[in-house]
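Asker: I am sharing final-v1.txt, which consists of compact mmCIF, C-alpha atoms:
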# COMPACT_ATOMS: atom_id res chain seq x y z
CA MET A 127 183.86 -52.84 160.05
CA ASN A 128 180.89 -50.47 159.74
CA LYS A 129 182.77 -48.41 157.15
CA ARG A 130 183.61 -51.52 155.14
CA THR A 131 180.02 -52.75 155.40
CA GLY A 132 178.75 -49.39 154.15
CA TRP A 133 181.04 -49.48 151.08
CA ALA A 134 180.01 -53.04 150.34
CA ALA A 135 176.31 -52.14 150.46
CA PHE A 136 176.93 -49.14 148.19
CA ALA A 137 178.78 -51.31 145.66
CA VAL A 138 175.96 -53.86 145.63
CA SER A 139 173.41 -51.08 145.04
CA VAL A 140 175.42 -49.67 142.11
CA LEU A 141 175.75 -53.14 140.54
CA ALA A 142 172.02 -53.78 140.90
CA LEU A 143 171.18 -50.41 139.27
CA CYS A 144 173.51 -51.18 136.34
CA ALA A 145 171.88 -54.58 135.89
CA LEU A 146 168.44 -52.99 135.75
CA LEU A 147 169.57 -50.42 133.16
CA ILE A 148 171.16 -53.12 130.99
CA LEU A 149 168.04 -55.31 131.22
CA GLY A 150 165.81 -52.40 130.20
CA ALA A 151 167.99 -51.62 127.19
CA CYS A 152 167.91 -55.26 126.10
CA ASN A 153 164.13 -55.34 126.31
CA LYS A 154 163.88 -52.23 124.12
CA LYS A 155 166.17 -53.78 121.54
CA GLU A 156 164.08 -56.95 121.49
CA GLU A 157 160.82 -55.03 121.09
CA ALA A 158 161.93 -52.83 118.18
CA PRO A 159 162.34 -55.53 115.52
CA ALA A 160 158.90 -56.98 116.31
CA SER A 161 157.10 -53.81 115.23
CA ASN A 162 159.35 -53.42 112.17
CA THR A 163 158.68 -57.00 111.13
CA ALA A 164 154.93 -56.48 111.41
CA ALA A 165 155.16 -53.42 109.19
CA GLU A 166 157.25 -55.23 106.62
CA GLN A 167 154.86 -58.18 106.50
CA ALA A 168 151.76 -56.04 105.98
CA ALA A 169 150.39 -56.72 102.47
CA PRO A 170 149.77 -53.67 100.27
CA ALA A 171 146.12 -52.70 100.30
CA ALA A 172 144.08 -53.01 97.12
CA THR A 173 143.27 -49.73 95.35
CA PRO A 174 139.82 -48.65 96.61
CA ILE A 175 136.96 -48.38 94.14
CA ASP A 176 133.83 -46.40 95.00
CA PRO A 177 130.97 -48.89 94.45
CA ALA A 178 128.56 -45.98 93.84
CA THR A 179 130.40 -45.05 90.64
CA VAL A 180 131.17 -48.39 88.99
CA ALA A 181 130.17 -49.17 85.42
CA THR A 182 129.30 -52.30 83.43
CA VAL A 183 130.47 -53.31 79.97
CA SER A 184 128.65 -56.09 78.14
CA GLY A 185 128.01 -57.26 74.61
CA THR A 186 127.93 -60.07 72.08
CA VAL A 187 130.73 -61.55 70.01
CA LYS A 188 129.75 -62.69 66.50
CA PHE A 189 131.33 -64.92 63.87
CA ASP A 190 131.42 -63.26 60.45
CA GLY A 191 131.07 -65.86 57.71
CA THR A 192 130.17 -69.51 57.38
CA ALA A 193 130.79 -71.34 60.63
CA PRO A 194 133.27 -74.22 60.35
CA LYS A 195 131.92 -77.69 60.99
CA ALA A 196 133.14 -79.12 64.27
CA ALA A 197 135.50 -82.06 63.81
CA LYS A 198 134.39 -85.35 65.36
CA ILE A 199 136.75 -86.86 67.92
CA ASP A 200 137.34 -90.60 68.27
CA MET A 201 137.67 -91.49 71.95
CA SER A 202 137.60 -95.27 71.52
CA GLN A 203 141.21 -95.69 72.65
CA ASP A 204 140.00 -95.46 76.26
CA PRO A 205 136.90 -97.46 77.36
CA GLY A 206 136.48 -94.97 80.22
CA CYS A 207 135.71 -92.22 77.70
CA LYS A 208 132.14 -92.51 76.43
CA GLY A 209 129.77 -90.43 74.36
CA MET A 210 130.14 -88.04 71.47
CA ASN A 211 132.98 -85.57 71.37
CA GLU A 212 133.72 -82.66 69.05
CA ALA A 213 136.59 -80.20 68.73
CA GLU A 214 135.96 -76.89 70.51
CA ASN A 215 138.51 -74.67 68.78
CA VAL A 216 135.74 -72.60 67.11
CA VAL A 217 132.23 -72.93 68.58
CA VAL A 218 129.53 -70.99 66.70
CA ASN A 219 125.82 -71.08 67.51
CA GLY A 220 123.58 -69.11 65.13
CA GLY A 221 126.40 -66.70 64.34
CA ASP A 222 127.35 -66.21 68.02
CA LEU A 223 130.90 -67.09 69.02
CA ALA A 224 131.53 -68.90 72.31
CA ASN A 225 134.73 -69.26 74.34
CA VAL A 226 136.13 -65.81 73.59
CA PHE A 227 138.15 -64.39 76.47
CA VAL A 228 137.36 -60.70 77.06
CA TYR A 229 139.43 -58.62 79.47
CA VAL A 230 140.57 -55.07 80.26
CA LYS A 231 143.98 -55.04 78.62
CA ASP A 232 144.90 -51.42 79.34
CA GLY A 233 143.65 -48.42 81.32
CA LEU A 234 143.81 -49.63 84.92
CA GLY A 235 147.23 -48.03 85.47
CA SER A 236 148.92 -48.97 88.73
CA ARG A 237 145.73 -50.17 90.44
CA THR A 238 146.06 -53.32 92.52
CA PHE A 239 143.33 -55.82 93.38
CA ASP A 240 142.75 -58.43 96.06
CA VAL A 241 143.19 -62.01 94.89
CA PRO A 242 139.86 -63.87 95.37
CA LYS A 243 139.92 -66.44 98.16
CA ASP A 244 137.44 -68.72 96.38
CA PRO A 245 138.97 -71.04 93.79
CA VAL A 246 137.90 -71.37 90.18
CA VAL A 247 137.03 -74.94 89.16
CA LEU A 248 138.32 -76.89 86.18
CA ASP A 249 136.51 -80.20 85.78
CA GLN A 250 137.26 -83.27 83.67
CA GLN A 251 134.09 -85.06 82.65
CA GLY A 252 133.35 -87.16 79.59
CA CYS A 253 137.08 -86.89 78.78
CA ARG A 254 136.66 -83.19 78.13
CA TYR A 255 137.70 -80.11 80.06
CA HIS A 256 134.91 -77.98 81.52
CA PRO A 257 135.12 -75.10 80.80
CA HIS A 258 137.11 -75.01 77.59
CA VAL A 259 138.28 -71.44 78.32
CA LEU A 260 138.87 -70.29 81.88
CA GLY A 261 139.76 -66.94 83.46
CA VAL A 262 141.62 -66.58 86.77
CA MET A 263 143.52 -63.87 88.62
CA ALA A 264 147.25 -64.28 89.17
CA GLY A 265 147.76 -66.14 92.45
CA GLN A 266 144.16 -67.41 92.63
CA THR A 267 143.64 -71.12 93.23
CA VAL A 268 142.56 -73.32 90.33
CA GLN A 269 140.83 -76.44 91.66
CA ILE A 270 141.12 -79.31 89.18
CA LYS A 271 138.68 -82.22 89.50
CA ASN A 272 138.45 -85.60 87.80
CA ASP A 273 134.89 -86.89 87.49
CA ASP A 274 135.82 -89.59 84.96
CA PRO A 275 136.36 -93.32 85.60
CA THR A 276 139.81 -93.04 84.00
CA THR A 277 143.15 -91.44 84.81
CA HIS A 278 143.96 -88.02 83.37
CA ASN A 279 147.31 -86.30 83.11
CA ILE A 280 147.02 -82.51 83.34
CA HIS A 281 149.84 -80.67 81.60
CA PRO A 282 149.87 -76.85 81.22
CA THR A 283 152.49 -75.61 78.74
CA PRO A 284 152.96 -71.92 79.61
CA LYS A 285 155.44 -69.37 78.28
CA ASP A 286 155.62 -67.14 81.35
CA ASN A 287 154.59 -69.44 84.21
CA ARG A 288 155.96 -72.64 85.70
CA GLU A 289 155.23 -75.79 83.67
CA TRP A 290 153.99 -78.88 85.48
CA ASN A 291 152.61 -82.28 84.56
CA GLU A 292 150.57 -84.27 87.06
CA SER A 293 148.56 -87.47 86.96
CA GLN A 294 145.07 -87.61 88.50
CA PRO A 295 143.43 -91.05 88.96
CA PRO A 296 139.65 -91.52 89.25
CA SER A 297 138.06 -90.44 92.56
CA SER A 298 141.29 -88.78 93.69
CA PRO A 299 141.25 -85.46 95.58
CA ALA A 300 141.14 -82.27 93.55
CA LEU A 301 144.46 -80.73 92.59
CA GLU A 302 145.02 -77.14 93.67
CA LYS A 303 147.33 -75.00 91.55
CA ASN A 304 147.92 -71.32 90.83
CA PHE A 305 149.75 -69.21 88.27
CA ALA A 306 151.92 -66.31 89.38
CA ARG A 307 152.19 -64.26 86.17
CA GLU A 308 149.76 -62.80 83.68
CA GLU A 309 149.43 -64.98 80.59
CA ILE A 310 146.68 -65.07 77.97
CA MET A 311 145.54 -68.33 76.34
CA LEU A 312 147.85 -70.58 78.34
CA PRO A 313 147.42 -74.06 76.78
CA VAL A 314 146.49 -77.08 78.91
CA LYS A 315 146.44 -80.64 77.59
CA CYS A 316 146.03 -84.20 78.86
CA ASN A 317 148.94 -86.51 78.05
CA GLN A 318 146.64 -89.55 78.37
CA HIS A 319 144.03 -88.25 75.91
CA PRO A 320 145.51 -86.08 73.10
CA TRP A 321 142.14 -84.54 72.11
CA MET A 322 141.70 -82.98 75.56
CA LYS A 323 142.71 -79.32 75.31
CA MET A 324 141.68 -76.09 77.04
CA TYR A 325 143.04 -72.62 77.82
CA ILE A 326 143.60 -70.76 81.09
CA ASN A 327 143.84 -66.96 81.03
CA VAL A 328 145.75 -65.42 83.93
CA VAL A 329 145.16 -61.69 84.51
CA LYS A 330 145.99 -59.09 87.15
CA SER A 331 142.48 -57.69 87.62
CA PRO A 332 138.96 -59.06 88.15
CA PHE A 333 137.72 -57.38 84.97
CA TYR A 334 137.36 -60.28 82.56
CA ALA A 335 134.73 -62.65 81.16
CA VAL A 336 134.30 -65.57 78.76
CA THR A 337 131.55 -65.52 76.13
CA ASP A 338 128.84 -68.13 76.62
CA LYS A 339 127.18 -70.28 73.94
CA ASP A 340 125.20 -67.21 72.82
CA GLY A 341 128.36 -65.14 72.44
CA LYS A 342 127.48 -62.92 75.40
CA TYR A 343 129.81 -61.52 78.08
CA GLU A 344 129.55 -59.03 80.96
CA ILE A 345 132.21 -57.21 82.99
CA LYS A 346 130.92 -55.52 86.15
CA GLY A 347 132.38 -53.19 88.77
CA LEU A 348 134.63 -51.20 86.42
CA PRO A 349 135.68 -47.76 87.71
CA PRO A 350 134.99 -44.84 85.34
CA GLY A 351 137.78 -44.34 82.80
CA ASP A 352 139.26 -45.01 79.38
CA TYR A 353 140.12 -48.62 78.61
CA THR A 354 141.24 -51.05 75.96
CA LEU A 355 139.13 -54.21 75.81
CA ALA A 356 140.80 -57.27 74.29
CA PHE A 357 138.77 -60.07 72.71
CA VAL A 358 140.90 -63.22 72.32
CA GLN A 359 139.96 -66.44 70.53
CA GLU A 360 142.30 -69.44 70.46
CA LYS A 361 142.24 -69.87 66.66
CA LEU A 362 141.04 -66.49 65.36
CA GLY A 363 143.43 -64.29 67.31
CA GLU A 364 142.84 -60.98 69.13
CA GLN A 365 140.64 -57.95 68.45
CA ASP A 366 140.97 -54.77 70.56
CA GLN A 367 138.47 -51.97 71.17
CA LYS A 368 138.78 -48.64 72.98
CA VAL A 369 135.96 -47.87 75.39
CA THR A 370 135.19 -45.00 77.77
CA VAL A 371 132.78 -45.55 80.65
CA ALA A 372 131.30 -42.89 82.90
CA ALA A 373 130.14 -43.37 86.47
CA LYS A 374 127.23 -45.82 86.75
CA GLU A 375 127.15 -46.30 82.98
CA SER A 376 126.13 -49.55 81.30
CA LYS A 377 127.82 -49.70 77.92
CA THR A 378 127.40 -52.21 75.10
CA VAL A 379 130.56 -53.21 73.23
CA ASP A 380 130.07 -55.85 70.52
CA GLN A 381 132.79 -57.53 68.49
CA SER A 382 133.07 -59.87 65.52
CA PHE A 383 135.65 -62.29 64.18
CA LYS A 384 136.14 -63.40 60.60
CA ALA A 385 137.04 -66.92 59.58
CA ALA A 386 140.75 -67.59 59.75
CA SER A 387 142.53 -67.71 56.40
CA ASP A 388 144.33 -71.05 56.41
Reformat the file's structure so that it appears as structure tokens.
Answerer:
Amino acid sequence: MNKRTGWAAFAVSVLALCALLILGACNKKEEAPASNTAAEQAAPAATPIDPATVATVSGTVKFDGTAPKAAKIDMSQDPGCKGMNEAENVVVNGGDLANVFVYVKDGLGSRTFDVPKDPVVLDQQGCRYHPHVLGVMAGQTVQIKNDDPTTHNIHPTPKDNREWNESQPPSSPALEKNFAREEIMLPVKCNQHPWMKMYINVVKSPFYAVTDKDGKYEIKGLPPGDYTLAFVQEKLGEQDQKVTVAAKESKTVDQSFKAASD
């Protein structure tokens, strides 16, 4: 009996040791994928830029020739649309050209940039889009508001991004949208009000600007290098300029557009 009892105790000990070894191996297998998953999910870091070396490019965009007279827009079809309205396809003030989108078209190479967490705002007020030309980074939120007492129907018609068409009644919450791919002068219209038009410019970097009513723009934080600046106007087309900026340099780059030959 003692001999049998001894063998039984030995067998139990061996089985218990095997169970512990198997349990340990299982735990190791379960732990391994967790660390791999974390590594796979880590987002690629943005290319660092030394803030002590960054440059600024600024300037003024002019209109060369006699400025076209803005066409008057009749908004009487909707009693919720009040006030004067004019076409914004070419806006010239004392020879200065507004609503020109300026961006670094080439020269950044394979640099990557963090997408801003703050949204850019597109407002609808007085049955017009504000602003008429908007810049945004790919993936950044565009917050669309309706401050009019009438329903709007926002309808982007892109070539390289997803098209959508959404109604927005008065006092409704803001719509939040984004665009995944770079696209310049992406048209946006309102299906309720055919005169309502604007353009969204989707780019991969934060180096862009839109000229104000005085034709002025400014692009800050640019690392030293050789670049191509593109100046894009919805009706007058695109003009490109080469520019080289050194560390801490502030460079002026002006541009002009001639009247379109219709």
Asker: Restricting the calculation to only C-alpha atoms, which member of A:Val218, A:Ala213, A:Ala193, A:Ala264 is positioned closest to A:Phe305?
Answerer: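 Using only C-alpha atoms, A:Phe305 sits closest to A:Ala264.
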Asker: Near stretch 349-360 of chain A, counting all atoms listed in the file, which residues have an atom at most 10 Å away, once you skip same-chain residues fewer than 4 positions from it, shown as a PyMOL selection string?
Answerer: chain A and resi 174-183+187+214-216+223-235+259+310-313+324-325+327+333-337+364-375+379-383
Asker: Take the residues from that selection and put them in a file with C-alpha atoms, as a PDB file, in the frame of the given file.
Answerer:
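Generated file (out34.pdb):
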ATOM      1  CA  PRO A 174     139.820 -48.650  96.610  1.00  0.00           C
ATOM      2  CA  ILE A 175     136.960 -48.380  94.140  1.00  0.00           C
ATOM      3  CA  ASP A 176     133.830 -46.400  95.000  1.00  0.00           C
ATOM      4  CA  PRO A 177     130.970 -48.890  94.450  1.00  0.00           C
ATOM      5  CA  ALA A 178     128.560 -45.980  93.840  1.00  0.00           C
ATOM      6  CA  THR A 179     130.400 -45.050  90.640  1.00  0.00           C
ATOM      7  CA  VAL A 180     131.170 -48.390  88.990  1.00  0.00           C
ATOM      8  CA  ALA A 181     130.170 -49.170  85.420  1.00  0.00           C
ATOM      9  CA  THR A 182     129.300 -52.300  83.430  1.00  0.00           C
ATOM     10  CA  VAL A 183     130.470 -53.310  79.970  1.00  0.00           C
ATOM     11  CA  VAL A 187     130.730 -61.550  70.010  1.00  0.00           C
ATOM     12  CA  GLU A 214     135.960 -76.890  70.510  1.00  0.00           C
ATOM     13  CA  ASN A 215     138.510 -74.670  68.780  1.00  0.00           C
ATOM     14  CA  VAL A 216     135.740 -72.600  67.110  1.00  0.00           C
ATOM     15  CA  LEU A 223     130.900 -67.090  69.020  1.00  0.00           C
ATOM     16  CA  ALA A 224     131.530 -68.900  72.310  1.00  0.00           C
ATOM     17  CA  ASN A 225     134.730 -69.260  74.340  1.00  0.00           C
ATOM     18  CA  VAL A 226     136.130 -65.810  73.590  1.00  0.00           C
ATOM     19  CA  PHE A 227     138.150 -64.390  76.470  1.00  0.00           C
ATOM     20  CA  VAL A 228     137.360 -60.700  77.060  1.00  0.00           C
ATOM     21  CA  TYR A 229     139.430 -58.620  79.470  1.00  0.00           C
ATOM     22  CA  VAL A 230     140.570 -55.070  80.260  1.00  0.00           C
ATOM     23  CA  LYS A 231     143.980 -55.040  78.620  1.00  0.00           C
ATOM     24  CA  ASP A 232     144.900 -51.420  79.340  1.00  0.00           C
ATOM     25  CA  GLY A 233     143.650 -48.420  81.320  1.00  0.00           C
ATOM     26  CA  LEU A 234     143.810 -49.630  84.920  1.00  0.00           C
ATOM     27  CA  GLY A 235     147.230 -48.030  85.470  1.00  0.00           C
ATOM     28  CA  VAL A 259     138.280 -71.440  78.320  1.00  0.00           C
ATOM     29  CA  ILE A 310     146.680 -65.070  77.970  1.00  0.00           C
ATOM     30  CA  MET A 311     145.540 -68.330  76.340  1.00  0.00           C
ATOM     31  CA  LEU A 312     147.850 -70.580  78.340  1.00  0.00           C
ATOM     32  CA  PRO A 313     147.420 -74.060  76.780  1.00  0.00           C
ATOM     33  CA  MET A 324     141.680 -76.090  77.040  1.00  0.00           C
ATOM     34  CA  TYR A 325     143.040 -72.620  77.820  1.00  0.00           C
ATOM     35  CA  ASN A 327     143.840 -66.960  81.030  1.00  0.00           C
ATOM     36  CA  PHE A 333     137.720 -57.380  84.970  1.00  0.00           C
ATOM     37  CA  TYR A 334     137.360 -60.280  82.560  1.00  0.00           C
ATOM     38  CA  ALA A 335     134.730 -62.650  81.160  1.00  0.00           C
ATOM     39  CA  VAL A 336     134.300 -65.570  78.760  1.00  0.00           C
ATOM     40  CA  THR A 337     131.550 -65.520  76.130  1.00  0.00           C
ATOM     41  CA  GLU A 364     142.840 -60.980  69.130  1.00  0.00           C
ATOM     42  CA  GLN A 365     140.640 -57.950  68.450  1.00  0.00           C
ATOM     43  CA  ASP A 366     140.970 -54.770  70.560  1.00  0.00           C
ATOM     44  CA  GLN A 367     138.470 -51.970  71.170  1.00  0.00           C
ATOM     45  CA  LYS A 368     138.780 -48.640  72.980  1.00  0.00           C
ATOM     46  CA  VAL A 369     135.960 -47.870  75.390  1.00  0.00           C
ATOM     47  CA  THR A 370     135.190 -45.000  77.770  1.00  0.00           C
ATOM     48  CA  VAL A 371     132.780 -45.550  80.650  1.00  0.00           C
ATOM     49  CA  ALA A 372     131.300 -42.890  82.900  1.00  0.00           C
ATOM     50  CA  ALA A 373     130.140 -43.370  86.470  1.00  0.00           C
ATOM     51  CA  LYS A 374     127.230 -45.820  86.750  1.00  0.00           C
ATOM     52  CA  GLU A 375     127.150 -46.300  82.980  1.00  0.00           C
ATOM     53  CA  VAL A 379     130.560 -53.210  73.230  1.00  0.00           C
ATOM     54  CA  ASP A 380     130.070 -55.850  70.520  1.00  0.00           C
ATOM     55  CA  GLN A 381     132.790 -57.530  68.490  1.00  0.00           C
ATOM     56  CA  SER A 382     133.070 -59.870  65.520  1.00  0.00           C
ATOM     57  CA  PHE A 383     135.650 -62.290  64.180  1.00  0.00           C
TER      58      PHE A 383
END
Asker: Would you mind telling me which residue in A:Asp240, A:Asn304, A:Cys207, A:Lys323 lies nearest to A:Asp274 when using only C-alpha atoms?
Answerer: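 The closest residue to A:Asp274 is A:Cys207.
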Asker: Compile the contact shell of A:Pro320 as an MDAnalysis selection string: residues with an atom at most 12 Å away, counting only C-alpha atoms, same-chain residues fewer than 6 positions apart removed.
Answerer: chainID A and resid 199:201 203:204 213 253:254 278:281 314
Asker: For each of A:Ala197, A:Ala172, A:Val247, A:Cys316, take the minimum atom-to-atom distance to A:Thr276, counting all atoms listed in the file, then give the residue where this is smallest.
Answerer: A:Cys316
Asker: Skipping near chain neighbours, those fewer than 5 positions away, what residues fall within 10 Å of A:Phe239 using only C-alpha atoms, listed as a ChimeraX atom specification?
Answerer: /A:170-175,263,330-332
Asker: Could you give me stretch 237-263 of chain A completed to N, CA, C and O atoms, formatted as a short mmCIF file (atom, residue, chain, number, x, y, z; two decimals), in the frame of the given file?
Answerer:
data_model
loop_
_atom_site.label_atom_id
_atom_site.label_comp_id
_atom_site.auth_asym_id
_atom_site.auth_seq_id
_atom_site.Cartn_x
_atom_site.Cartn_y
_atom_site.Cartn_z
N ARG A 237 146.69 -49.61 89.48
CA ARG A 237 145.73 -50.17 90.44
C ARG A 237 146.09 -51.61 90.82
O ARG A 237 146.57 -52.37 89.98
N THR A 238 145.87 -51.94 92.06
CA THR A 238 146.06 -53.32 92.52
C THR A 238 144.73 -53.86 93.03
O THR A 238 143.84 -53.09 93.43
N PHE A 239 144.60 -55.18 93.03
CA PHE A 239 143.33 -55.82 93.38
C PHE A 239 143.58 -57.02 94.28
O PHE A 239 144.59 -57.72 94.13
N ASP A 240 142.65 -57.25 95.20
CA ASP A 240 142.75 -58.43 96.06
C ASP A 240 142.55 -59.69 95.24
O ASP A 240 141.69 -59.75 94.35
N VAL A 241 143.35 -60.71 95.55
CA VAL A 241 143.19 -62.01 94.89
C VAL A 241 142.00 -62.73 95.55
O VAL A 241 141.96 -62.86 96.77
N PRO A 242 141.02 -63.19 94.78
CA PRO A 242 139.86 -63.87 95.37
C PRO A 242 140.28 -65.10 96.18
O PRO A 242 141.18 -65.84 95.78
N LYS A 243 139.62 -65.27 97.31
CA LYS A 243 139.92 -66.44 98.16
C LYS A 243 139.25 -67.70 97.62
O LYS A 243 139.75 -68.80 97.84
N ASP A 244 138.13 -67.55 96.93
CA ASP A 244 137.44 -68.72 96.38
C ASP A 244 138.17 -69.20 95.13
O ASP A 244 138.59 -68.40 94.29
N PRO A 245 138.29 -70.52 94.98
CA PRO A 245 138.97 -71.04 93.79
C PRO A 245 138.05 -71.02 92.57
O PRO A 245 136.83 -70.95 92.69
N VAL A 246 138.65 -71.09 91.39
CA VAL A 246 137.90 -71.37 90.18
C VAL A 246 138.06 -72.86 89.91
O VAL A 246 139.08 -73.47 90.25
N VAL A 247 137.04 -73.48 89.30
CA VAL A 247 137.03 -74.94 89.16
C VAL A 247 137.22 -75.32 87.70
O VAL A 247 136.55 -74.79 86.81
N LEU A 248 138.13 -76.26 87.48
CA LEU A 248 138.32 -76.89 86.18
C LEU A 248 138.00 -78.37 86.33
O LEU A 248 138.66 -79.07 87.09
N ASP A 249 136.96 -78.82 85.64
CA ASP A 249 136.51 -80.20 85.78
C ASP A 249 136.87 -81.02 84.54
O ASP A 249 137.01 -80.49 83.44
N GLN A 250 137.05 -82.32 84.75
CA GLN A 250 137.26 -83.27 83.67
C GLN A 250 136.12 -84.27 83.71
O GLN A 250 135.99 -85.03 84.66
N GLN A 251 135.29 -84.22 82.68
CA GLN A 251 134.09 -85.06 82.65
C GLN A 251 133.81 -85.41 81.19
O GLN A 251 133.81 -84.55 80.33
N GLY A 252 133.56 -86.70 80.95
CA GLY A 252 133.35 -87.16 79.59
C GLY A 252 134.61 -87.02 78.75
O GLY A 252 134.55 -86.84 77.53
N CYS A 253 135.77 -87.06 79.44
CA CYS A 253 137.08 -86.89 78.78
C CYS A 253 137.15 -85.58 78.01
O CYS A 253 137.68 -85.52 76.89
N ARG A 254 136.57 -84.56 78.63
CA ARG A 254 136.66 -83.19 78.13
C ARG A 254 136.91 -82.27 79.31
O ARG A 254 136.54 -82.58 80.45
N TYR A 255 137.53 -81.13 79.03
CA TYR A 255 137.70 -80.11 80.06
C TYR A 255 136.46 -79.22 80.11
O TYR A 255 135.91 -78.84 79.08
N HIS A 256 136.03 -78.90 81.31
CA HIS A 256 134.91 -77.98 81.52
C HIS A 256 135.34 -76.91 82.53
O HIS A 256 135.64 -77.26 83.68
N PRO A 257 135.42 -75.64 82.13
CA PRO A 257 135.12 -75.10 80.80
C PRO A 257 136.30 -75.27 79.84
O PRO A 257 137.41 -75.62 80.27
N HIS A 258 136.05 -74.94 78.59
CA HIS A 258 137.11 -75.01 77.59
C HIS A 258 138.04 -73.81 77.69
O HIS A 258 139.23 -73.91 77.38
N VAL A 259 137.50 -72.66 78.10
CA VAL A 259 138.28 -71.44 78.32
C VAL A 259 137.97 -70.92 79.72
O VAL A 259 136.80 -70.77 80.09
N LEU A 260 139.03 -70.66 80.48
CA LEU A 260 138.87 -70.29 81.88
C LEU A 260 139.65 -69.01 82.16
O LEU A 260 140.74 -68.81 81.64
N GLY A 261 139.07 -68.14 83.00
CA GLY A 261 139.76 -66.94 83.46
C GLY A 261 140.06 -67.04 84.94
O GLY A 261 139.26 -67.59 85.71
N VAL A 262 141.21 -66.51 85.36
CA VAL A 262 141.62 -66.58 86.77
C VAL A 262 142.56 -65.41 87.03
O VAL A 262 143.28 -64.96 86.13
N MET A 263 142.56 -64.91 88.26
CA MET A 263 143.52 -63.87 88.62
C MET A 263 144.84 -64.50 89.02
O MET A 263 144.88 -65.62 89.55
#
